[in-house]
Amino acid sequence: MAAHLFLSDEWLIEARSIRAEFHGKGKPIPHSVRMNLVITAVPFGEGTVNAHMDTTSGQLELDMEHIDPVDLKVTLDYDIAKAILIEGNPQAGMQAFMSGKIRVEGDIAKLMVMQSSGVDPTTEEVAARIKAMTE
């Protein structure tokens, strides 16, 4: 499998394909959250990517563009987003938040609940496959 730059068009195509392959196979996500993401300092395009995360269906839906309404909006830079979302490094996220490198607007309690949720084996497999194809 070829490696692709995180959030590039090629990466998005591969990530969507992997998620589609596993859709509905994991345990439902017990916490409902709708979050917009603003990812800055992106090393391609216009330098900012707008994305969203939605778990209201019980599945993790992560895609481009913002949605409305949302529970919260999180702004963070590309390297921190990659560390959290791809490398699964919660310490990087906590350190960035504590130093003001992550801005949260809205219901921060929803974000905290998501971080305390356990991960099932199917979710771990999806994450491993996406990590393996990320540059």
# chains A, B, ... in the order shown; residues from 1 in each chain; ligands from 1
>>> residues_around(residues="A:Leu37", least_positions_apart="5", cutoff="7 Å", atoms="only C-alpha atoms", output="list in words")
Asn50, Ala51, His52, Lys73, Val74 and Thr75 of chain A
>>> closest_residue(among="A:Ile67, A:Ile86, A:Met53, A:Ala81", to="A:Ile130", atoms="only C-alpha atoms")
A:Ile86
>>> residues_around(residues="stretch 103-113 of chain A", least_positions_apart="5", cutoff="12 Å", atoms="only C-alpha atoms", output="number ranges by chain")
A: 29-40, 53-55, 69-77, 80, 90, 93-94, 96-98, 118
>>> select_by_dssp(residues="chain A", states="alpha helix (DSSP H)", output="MDAnalysis selection string")
chainID A and resid 9:22 78:85 90:98 108:116 121:132
>>> write_last_selection(atoms="C-alpha atoms", output="mmCIF file, in the first residue's frame")
data_model
loop_
_atom_site.group_PDB
_atom_site.id
_atom_site.type_symbol
_atom_site.label_atom_id
_atom_site.label_comp_id
_atom_site.auth_asym_id
_atom_site.auth_seq_id
_atom_site.Cartn_x
_atom_site.Cartn_y
_atom_site.Cartn_z
ATOM 1 C CA ASP A 9 -6.762 13.996 -1.640
ATOM 2 C CA GLU A 10 -5.098 10.594 -2.103
ATOM 3 C CA TRP A 11 -5.070 9.990 1.653
ATOM 4 C CA LEU A 12 -8.762 10.868 1.884
ATOM 5 C CA ILE A 13 -9.670 8.404 -0.880
ATOM 6 C CA GLU A 14 -7.769 5.574 0.861
ATOM 7 C CA ALA A 15 -9.081 6.450 4.338
ATOM 8 C CA ARG A 16 -12.689 6.521 3.061
ATOM 9 C CA SER A 17 -12.165 3.136 1.406
ATOM 10 C CA ILE A 18 -10.819 1.594 4.625
ATOM 11 C CA ARG A 19 -13.661 3.061 6.695
ATOM 12 C CA ALA A 20 -16.250 1.813 4.180
ATOM 13 C CA GLU A 21 -14.768 -1.697 4.371
ATOM 14 C CA PHE A 22 -15.293 -1.752 8.146
ATOM 15 C CA TYR A 78 -1.490 19.815 11.226
ATOM 16 C CA ASP A 79 1.281 18.154 13.256
ATOM 17 C CA ILE A 80 -0.871 17.982 16.391
ATOM 18 C CA ALA A 81 -3.854 16.645 14.416
ATOM 19 C CA LYS A 82 -1.639 13.959 12.892
ATOM 20 C CA ALA A 83 -0.199 13.025 16.315
ATOM 21 C CA ILE A 84 -3.672 12.670 17.816
ATOM 22 C CA LEU A 85 -5.679 11.214 14.923
ATOM 23 C CA PRO A 90 -3.116 11.475 23.598
ATOM 24 C CA GLN A 91 -0.167 13.085 25.432
ATOM 25 C CA ALA A 92 0.552 15.261 22.386
ATOM 26 C CA GLY A 93 -3.051 16.428 22.468
ATOM 27 C CA MET A 94 -3.032 17.137 26.198
ATOM 28 C CA GLN A 95 0.268 19.029 26.022
ATOM 29 C CA ALA A 96 -0.956 21.063 23.051
ATOM 30 C CA PHE A 97 -4.228 21.867 24.821
ATOM 31 C CA MET A 98 -2.481 22.900 28.039
ATOM 32 C CA ILE A 108 -15.710 20.698 26.006
ATOM 33 C CA ALA A 109 -17.348 18.006 28.155
ATOM 34 C CA LYS A 110 -18.256 16.138 24.940
ATOM 35 C CA LEU A 111 -14.589 16.124 23.949
ATOM 36 C CA MET A 112 -13.541 14.805 27.349
ATOM 37 C CA VAL A 113 -16.110 11.966 27.183
ATOM 38 C CA MET A 114 -14.797 10.934 23.748
ATOM 39 C CA GLN A 115 -11.254 10.688 25.120
ATOM 40 C CA SER A 116 -12.369 8.413 27.956
ATOM 41 C CA PRO A 121 -10.671 -4.295 18.140
ATOM 42 C CA THR A 122 -12.350 -3.255 14.872
ATOM 43 C CA THR A 123 -11.606 0.414 15.547
ATOM 44 C CA GLU A 124 -8.001 -0.495 16.368
ATOM 45 C CA GLU A 125 -7.679 -2.384 13.070
ATOM 46 C CA VAL A 126 -9.082 0.551 11.077
ATOM 47 C CA ALA A 127 -6.680 2.919 12.867
ATOM 48 C CA ALA A 128 -3.715 0.631 12.157
ATOM 49 C CA ARG A 129 -4.576 0.391 8.462
ATOM 50 C CA ILE A 130 -4.978 4.158 8.142
ATOM 51 C CA LYS A 131 -1.731 4.755 10.030
ATOM 52 C CA ALA A 132 0.098 2.313 7.732
#
>>> select_by_dssp(residues="stretch 6-113 of chain A", states="strand (DSSP E)", output="PDB file with N, CA and C atoms, in the first residue's frame")
ATOM      1  N   ARG A  34     -20.894  15.907  17.697  1.00  0.00           N
ATOM      2  CA  ARG A  34     -20.731  16.502  16.365  1.00  0.00           C
ATOM      3  C   ARG A  34     -19.702  17.617  16.523  1.00  0.00           C
ATOM      4  N   MET A  35     -18.558  17.471  15.842  1.00  0.00           N
ATOM      5  CA  MET A  35     -17.442  18.382  16.029  1.00  0.00           C
ATOM      6  C   MET A  35     -16.897  18.853  14.690  1.00  0.00           C
ATOM      7  N   ASN A  36     -16.686  20.155  14.574  1.00  0.00           N
ATOM      8  CA  ASN A  36     -15.967  20.691  13.430  1.00  0.00           C
ATOM      9  C   ASN A  36     -14.505  20.842  13.805  1.00  0.00           C
ATOM     10  N   LEU A  37     -13.635  20.574  12.844  1.00  0.00           N
ATOM     11  CA  LEU A  37     -12.191  20.688  13.030  1.00  0.00           C
ATOM     12  C   LEU A  37     -11.647  21.722  12.057  1.00  0.00           C
ATOM     13  N   VAL A  38     -10.794  22.595  12.545  1.00  0.00           N
ATOM     14  CA  VAL A  38     -10.049  23.519  11.702  1.00  0.00           C
ATOM     15  C   VAL A  38      -8.589  23.137  11.886  1.00  0.00           C
ATOM     16  N   ILE A  39      -7.990  22.613  10.832  1.00  0.00           N
ATOM     17  CA  ILE A  39      -6.602  22.146  10.907  1.00  0.00           C
ATOM     18  C   ILE A  39      -5.745  23.146  10.141  1.00  0.00           C
ATOM     19  N   THR A  40      -4.834  23.786  10.877  1.00  0.00           N
ATOM     20  CA  THR A  40      -4.005  24.847  10.304  1.00  0.00           C
ATOM     21  C   THR A  40      -2.601  24.333  10.005  1.00  0.00           C
ATOM     22  N   VAL A  49      -7.394  23.209   6.555  1.00  0.00           N
ATOM     23  CA  VAL A  49      -8.378  22.213   6.154  1.00  0.00           C
ATOM     24  C   VAL A  49      -9.539  22.259   7.146  1.00  0.00           C
ATOM     25  N   ASN A  50     -10.748  22.319   6.626  1.00  0.00           N
ATOM     26  CA  ASN A  50     -11.956  22.214   7.447  1.00  0.00           C
ATOM     27  C   ASN A  50     -12.478  20.792   7.335  1.00  0.00           C
ATOM     28  N   ALA A  51     -12.710  20.179   8.478  1.00  0.00           N
ATOM     29  CA  ALA A  51     -13.203  18.803   8.519  1.00  0.00           C
ATOM     30  C   ALA A  51     -14.230  18.693   9.637  1.00  0.00           C
ATOM     31  N   HIS A  52     -14.819  17.505   9.757  1.00  0.00           N
ATOM     32  CA  HIS A  52     -15.771  17.274  10.852  1.00  0.00           C
ATOM     33  C   HIS A  52     -15.704  15.828  11.317  1.00  0.00           C
ATOM     34  N   MET A  53     -16.195  15.633  12.534  1.00  0.00           N
ATOM     35  CA  MET A  53     -16.340  14.309  13.115  1.00  0.00           C
ATOM     36  C   MET A  53     -17.752  14.224  13.673  1.00  0.00           C
ATOM     37  N   ASP A  54     -18.436  13.126  13.377  1.00  0.00           N
ATOM     38  CA  ASP A  54     -19.817  12.952  13.826  1.00  0.00           C
ATOM     39  C   ASP A  54     -20.013  11.499  14.265  1.00  0.00           C
ATOM     40  N   GLU A  61     -17.851   9.023  11.875  1.00  0.00           N
ATOM     41  CA  GLU A  61     -17.858   9.614  10.534  1.00  0.00           C
ATOM     42  C   GLU A  61     -16.880  10.776  10.578  1.00  0.00           C
ATOM     43  N   LEU A  62     -15.808  10.690   9.823  1.00  0.00           N
ATOM     44  CA  LEU A  62     -14.793  11.726   9.769  1.00  0.00           C
ATOM     45  C   LEU A  62     -14.612  12.090   8.309  1.00  0.00           C
ATOM     46  N   ASP A  63     -14.873  13.357   7.978  1.00  0.00           N
ATOM     47  CA  ASP A  63     -14.779  13.756   6.578  1.00  0.00           C
ATOM     48  C   ASP A  63     -14.488  15.243   6.480  1.00  0.00           C
ATOM     49  N   MET A  64     -14.385  15.717   5.274  1.00  0.00           N
ATOM     50  CA  MET A  64     -14.053  17.107   5.002  1.00  0.00           C
ATOM     51  C   MET A  64     -15.286  17.997   5.125  1.00  0.00           C
ATOM     52  N   LEU A  72     -19.177  21.274  19.279  1.00  0.00           N
ATOM     53  CA  LEU A  72     -17.964  22.031  19.508  1.00  0.00           C
ATOM     54  C   LEU A  72     -17.148  22.164  18.243  1.00  0.00           C
ATOM     55  N   LYS A  73     -16.215  23.098  18.292  1.00  0.00           N
ATOM     56  CA  LYS A  73     -15.264  23.326  17.197  1.00  0.00           C
ATOM     57  C   LYS A  73     -13.872  23.293  17.809  1.00  0.00           C
ATOM     58  N   VAL A  74     -12.979  22.545  17.172  1.00  0.00           N
ATOM     59  CA  VAL A  74     -11.609  22.410  17.656  1.00  0.00           C
ATOM     60  C   VAL A  74     -10.666  22.913  16.566  1.00  0.00           C
ATOM     61  N   THR A  75      -9.765  23.814  16.952  1.00  0.00           N
ATOM     62  CA  THR A  75      -8.760  24.348  16.032  1.00  0.00           C
ATOM     63  C   THR A  75      -7.392  23.887  16.510  1.00  0.00           C
ATOM     64  N   LEU A  76      -6.638  23.265  15.620  1.00  0.00           N
ATOM     65  CA  LEU A  76      -5.314  22.748  15.951  1.00  0.00           C
ATOM     66  C   LEU A  76      -4.467  22.696  14.701  1.00  0.00           C
ATOM     67  N   ASP A  77      -3.144  22.617  14.873  1.00  0.00           N
ATOM     68  CA  ASP A  77      -2.304  22.577  13.682  1.00  0.00           C
ATOM     69  C   ASP A  77      -2.138  21.146  13.164  1.00  0.00           C
ATOM     70  N   ARG A 103      -7.468  25.083  20.398  1.00  0.00           N
ATOM     71  CA  ARG A 103      -8.562  25.937  20.863  1.00  0.00           C
ATOM     72  C   ARG A 103      -9.869  25.172  20.722  1.00  0.00           C
ATOM     73  N   VAL A 104     -10.668  25.208  21.767  1.00  0.00           N
ATOM     74  CA  VAL A 104     -11.957  24.524  21.765  1.00  0.00           C
ATOM     75  C   VAL A 104     -13.051  25.555  22.015  1.00  0.00           C
ATOM     76  N   GLU A 105     -14.049  25.542  21.146  1.00  0.00           N
ATOM     77  CA  GLU A 105     -15.224  26.387  21.314  1.00  0.00           C
ATOM     78  C   GLU A 105     -16.428  25.468  21.420  1.00  0.00           C
ATOM     79  N   GLY A 106     -17.227  25.642  22.470  1.00  0.00           N
ATOM     80  CA  GLY A 106     -18.419  24.816  22.630  1.00  0.00           C
ATOM     81  C   GLY A 106     -18.312  23.893  23.821  1.00  0.00           C
TER      82      GLY A 106
END
>>> atom_distance(atom1="atom CA of A:Asn89", atom2="atom CA of A:Lys101")
15.2 Å
>>> atom_distance(atom1="atom CA of A:Gly45", atom2="atom CA of A:His4")
14.8 Å
>>> atom_distance(atom1="atom CA of A:Pro28", atom2="atom CA of A:Ser8")
27.9 Å
>>> closest_residue(among="A:Gly88, A:Ile102, A:His66, A:Val42", to="A:Leu5", atoms="only C-alpha atoms")
A:Val42
>>> decode(residues="chain A", atoms="C-alpha atoms", output="PDB file, in the first residue's frame")
ATOM      1  CA  MET A   1       0.000   0.000   0.000  1.00  0.00           C
ATOM      2  CA  ALA A   2       1.387   3.396  -0.969  1.00  0.00           C
ATOM      3  CA  ALA A   3       1.902   6.022   1.703  1.00  0.00           C
ATOM      4  CA  HIS A   4       0.014   9.284   1.339  1.00  0.00           C
ATOM      5  CA  LEU A   5       0.386  12.657   2.993  1.00  0.00           C
ATOM      6  CA  PHE A   6      -2.131  12.990   5.856  1.00  0.00           C
ATOM      7  CA  LEU A   7      -5.294  14.786   4.657  1.00  0.00           C
ATOM      8  CA  SER A   8      -4.183  14.924   1.002  1.00  0.00           C
ATOM      9  CA  ASP A   9      -6.762  13.996  -1.640  1.00  0.00           C
ATOM     10  CA  GLU A  10      -5.098  10.594  -2.103  1.00  0.00           C
ATOM     11  CA  TRP A  11      -5.070   9.990   1.653  1.00  0.00           C
ATOM     12  CA  LEU A  12      -8.762  10.868   1.884  1.00  0.00           C
ATOM     13  CA  ILE A  13      -9.670   8.404  -0.880  1.00  0.00           C
ATOM     14  CA  GLU A  14      -7.769   5.574   0.861  1.00  0.00           C
ATOM     15  CA  ALA A  15      -9.081   6.450   4.338  1.00  0.00           C
ATOM     16  CA  ARG A  16     -12.689   6.521   3.061  1.00  0.00           C
ATOM     17  CA  SER A  17     -12.165   3.136   1.406  1.00  0.00           C
ATOM     18  CA  ILE A  18     -10.819   1.594   4.625  1.00  0.00           C
ATOM     19  CA  ARG A  19     -13.661   3.061   6.695  1.00  0.00           C
ATOM     20  CA  ALA A  20     -16.250   1.813   4.180  1.00  0.00           C
ATOM     21  CA  GLU A  21     -14.768  -1.697   4.371  1.00  0.00           C
ATOM     22  CA  PHE A  22     -15.293  -1.752   8.146  1.00  0.00           C
ATOM     23  CA  HIS A  23     -18.528   0.286   8.365  1.00  0.00           C
ATOM     24  CA  GLY A  24     -20.947  -1.272  10.860  1.00  0.00           C
ATOM     25  CA  LYS A  25     -18.530  -4.000  11.972  1.00  0.00           C
ATOM     26  CA  GLY A  26     -17.345  -2.438  15.222  1.00  0.00           C
ATOM     27  CA  LYS A  27     -19.146  -1.727  18.462  1.00  0.00           C
ATOM     28  CA  PRO A  28     -21.380   1.336  18.306  1.00  0.00           C
ATOM     29  CA  ILE A  29     -19.827   4.463  19.785  1.00  0.00           C
ATOM     30  CA  PRO A  30     -21.804   5.150  22.964  1.00  0.00           C
ATOM     31  CA  HIS A  31     -21.232   8.922  23.022  1.00  0.00           C
ATOM     32  CA  SER A  32     -22.823  11.288  20.540  1.00  0.00           C
ATOM     33  CA  VAL A  33     -20.738  14.244  19.393  1.00  0.00           C
ATOM     34  CA  ARG A  34     -20.731  16.502  16.365  1.00  0.00           C
ATOM     35  CA  MET A  35     -17.442  18.382  16.029  1.00  0.00           C
ATOM     36  CA  ASN A  36     -15.967  20.691  13.430  1.00  0.00           C
ATOM     37  CA  LEU A  37     -12.191  20.688  13.030  1.00  0.00           C
ATOM     38  CA  VAL A  38     -10.049  23.519  11.702  1.00  0.00           C
ATOM     39  CA  ILE A  39      -6.602  22.146  10.907  1.00  0.00           C
ATOM     40  CA  THR A  40      -4.005  24.847  10.304  1.00  0.00           C
ATOM     41  CA  ALA A  41      -0.441  24.852   8.970  1.00  0.00           C
ATOM     42  CA  VAL A  42      -1.284  22.120   6.450  1.00  0.00           C
ATOM     43  CA  PRO A  43       1.754  21.578   4.166  1.00  0.00           C
ATOM     44  CA  PHE A  44      -0.295  21.715   0.960  1.00  0.00           C
ATOM     45  CA  GLY A  45      -3.151  23.636  -0.638  1.00  0.00           C
ATOM     46  CA  GLU A  46      -4.297  26.803   1.102  1.00  0.00           C
ATOM     47  CA  GLY A  47      -2.758  25.790   4.427  1.00  0.00           C
ATOM     48  CA  THR A  48      -6.030  25.189   6.305  1.00  0.00           C
ATOM     49  CA  VAL A  49      -8.378  22.213   6.154  1.00  0.00           C
ATOM     50  CA  ASN A  50     -11.956  22.214   7.447  1.00  0.00           C
ATOM     51  CA  ALA A  51     -13.203  18.803   8.519  1.00  0.00           C
ATOM     52  CA  HIS A  52     -15.771  17.274  10.852  1.00  0.00           C
ATOM     53  CA  MET A  53     -16.340  14.309  13.115  1.00  0.00           C
ATOM     54  CA  ASP A  54     -19.817  12.952  13.826  1.00  0.00           C
ATOM     55  CA  THR A  55     -20.691   9.941  16.008  1.00  0.00           C
ATOM     56  CA  THR A  56     -24.476  10.420  16.170  1.00  0.00           C
ATOM     57  CA  SER A  57     -25.037   7.313  14.004  1.00  0.00           C
ATOM     58  CA  GLY A  58     -23.031   5.169  16.442  1.00  0.00           C
ATOM     59  CA  GLN A  59     -20.189   5.016  13.904  1.00  0.00           C
ATOM     60  CA  LEU A  60     -17.282   7.429  13.555  1.00  0.00           C
ATOM     61  CA  GLU A  61     -17.858   9.614  10.534  1.00  0.00           C
ATOM     62  CA  LEU A  62     -14.793  11.726   9.769  1.00  0.00           C
ATOM     63  CA  ASP A  63     -14.779  13.756   6.578  1.00  0.00           C
ATOM     64  CA  MET A  64     -14.053  17.107   5.002  1.00  0.00           C
ATOM     65  CA  GLU A  65     -16.022  20.349   5.343  1.00  0.00           C
ATOM     66  CA  HIS A  66     -17.907  21.636   8.345  1.00  0.00           C
ATOM     67  CA  ILE A  67     -21.357  20.507   9.468  1.00  0.00           C
ATOM     68  CA  ASP A  68     -24.109  22.357  11.302  1.00  0.00           C
ATOM     69  CA  PRO A  69     -25.193  22.221  14.074  1.00  0.00           C
ATOM     70  CA  VAL A  70     -22.191  21.090  16.131  1.00  0.00           C
ATOM     71  CA  ASP A  71     -21.430  20.552  19.799  1.00  0.00           C
ATOM     72  CA  LEU A  72     -17.964  22.031  19.508  1.00  0.00           C
ATOM     73  CA  LYS A  73     -15.264  23.326  17.197  1.00  0.00           C
ATOM     74  CA  VAL A  74     -11.609  22.410  17.656  1.00  0.00           C
ATOM     75  CA  THR A  75      -8.760  24.348  16.032  1.00  0.00           C
ATOM     76  CA  LEU A  76      -5.314  22.748  15.951  1.00  0.00           C
ATOM     77  CA  ASP A  77      -2.304  22.577  13.682  1.00  0.00           C
ATOM     78  CA  TYR A  78      -1.490  19.815  11.226  1.00  0.00           C
ATOM     79  CA  ASP A  79       1.281  18.154  13.256  1.00  0.00           C
ATOM     80  CA  ILE A  80      -0.871  17.982  16.391  1.00  0.00           C
ATOM     81  CA  ALA A  81      -3.854  16.645  14.416  1.00  0.00           C
ATOM     82  CA  LYS A  82      -1.639  13.959  12.892  1.00  0.00           C
ATOM     83  CA  ALA A  83      -0.199  13.025  16.315  1.00  0.00           C
ATOM     84  CA  ILE A  84      -3.672  12.670  17.816  1.00  0.00           C
ATOM     85  CA  LEU A  85      -5.679  11.214  14.923  1.00  0.00           C
ATOM     86  CA  ILE A  86      -3.051   9.042  13.200  1.00  0.00           C
ATOM     87  CA  GLU A  87      -0.369   8.273  15.756  1.00  0.00           C
ATOM     88  CA  GLY A  88      -2.886   7.880  18.597  1.00  0.00           C
ATOM     89  CA  ASN A  89      -0.796  10.048  20.921  1.00  0.00           C
ATOM     90  CA  PRO A  90      -3.116  11.475  23.598  1.00  0.00           C
ATOM     91  CA  GLN A  91      -0.167  13.085  25.432  1.00  0.00           C
ATOM     92  CA  ALA A  92       0.552  15.261  22.386  1.00  0.00           C
ATOM     93  CA  GLY A  93      -3.051  16.428  22.468  1.00  0.00           C
ATOM     94  CA  MET A  94      -3.032  17.137  26.198  1.00  0.00           C
ATOM     95  CA  GLN A  95       0.268  19.029  26.022  1.00  0.00           C
ATOM     96  CA  ALA A  96      -0.956  21.063  23.051  1.00  0.00           C
ATOM     97  CA  PHE A  97      -4.228  21.867  24.821  1.00  0.00           C
ATOM     98  CA  MET A  98      -2.481  22.900  28.039  1.00  0.00           C
ATOM     99  CA  SER A  99      -0.093  25.169  26.112  1.00  0.00           C
ATOM    100  CA  GLY A 100      -2.914  26.831  24.152  1.00  0.00           C
ATOM    101  CA  LYS A 101      -2.100  25.191  20.806  1.00  0.00           C
ATOM    102  CA  ILE A 102      -5.554  23.638  20.649  1.00  0.00           C
ATOM    103  CA  ARG A 103      -8.562  25.937  20.863  1.00  0.00           C
ATOM    104  CA  VAL A 104     -11.957  24.524  21.765  1.00  0.00           C
ATOM    105  CA  GLU A 105     -15.224  26.387  21.314  1.00  0.00           C
ATOM    106  CA  GLY A 106     -18.419  24.816  22.630  1.00  0.00           C
ATOM    107  CA  ASP A 107     -19.164  21.836  24.841  1.00  0.00           C
ATOM    108  CA  ILE A 108     -15.710  20.698  26.006  1.00  0.00           C
ATOM    109  CA  ALA A 109     -17.348  18.006  28.155  1.00  0.00           C
ATOM    110  CA  LYS A 110     -18.256  16.138  24.940  1.00  0.00           C
ATOM    111  CA  LEU A 111     -14.589  16.124  23.949  1.00  0.00           C
ATOM    112  CA  MET A 112     -13.541  14.805  27.349  1.00  0.00           C
ATOM    113  CA  VAL A 113     -16.110  11.966  27.183  1.00  0.00           C
ATOM    114  CA  MET A 114     -14.797  10.934  23.748  1.00  0.00           C
ATOM    115  CA  GLN A 115     -11.254  10.688  25.120  1.00  0.00           C
ATOM    116  CA  SER A 116     -12.369   8.413  27.956  1.00  0.00           C
ATOM    117  CA  SER A 117     -14.142   5.948  25.647  1.00  0.00           C
ATOM    118  CA  GLY A 118     -12.591   2.533  25.140  1.00  0.00           C
ATOM    119  CA  VAL A 119     -11.523   1.351  21.704  1.00  0.00           C
ATOM    120  CA  ASP A 120     -12.811  -1.928  20.276  1.00  0.00           C
ATOM    121  CA  PRO A 121     -10.671  -4.295  18.140  1.00  0.00           C
ATOM    122  CA  THR A 122     -12.350  -3.255  14.872  1.00  0.00           C
ATOM    123  CA  THR A 123     -11.606   0.414  15.547  1.00  0.00           C
ATOM    124  CA  GLU A 124      -8.001  -0.495  16.368  1.00  0.00           C
ATOM    125  CA  GLU A 125      -7.679  -2.384  13.070  1.00  0.00           C
ATOM    126  CA  VAL A 126      -9.082   0.551  11.077  1.00  0.00           C
ATOM    127  CA  ALA A 127      -6.680   2.919  12.867  1.00  0.00           C
ATOM    128  CA  ALA A 128      -3.715   0.631  12.157  1.00  0.00           C
ATOM    129  CA  ARG A 129      -4.576   0.391   8.462  1.00  0.00           C
ATOM    130  CA  ILE A 130      -4.978   4.158   8.142  1.00  0.00           C
ATOM    131  CA  LYS A 131      -1.731   4.755  10.030  1.00  0.00           C
ATOM    132  CA  ALA A 132       0.098   2.313   7.732  1.00  0.00           C
ATOM    133  CA  MET A 133      -0.901   4.259   4.633  1.00  0.00           C
ATOM    134  CA  THR A 134      -0.071   7.672   6.096  1.00  0.00           C
ATOM    135  CA  GLU A 135       3.119   9.528   5.312  1.00  0.00           C
TER     136      GLU A 135
END
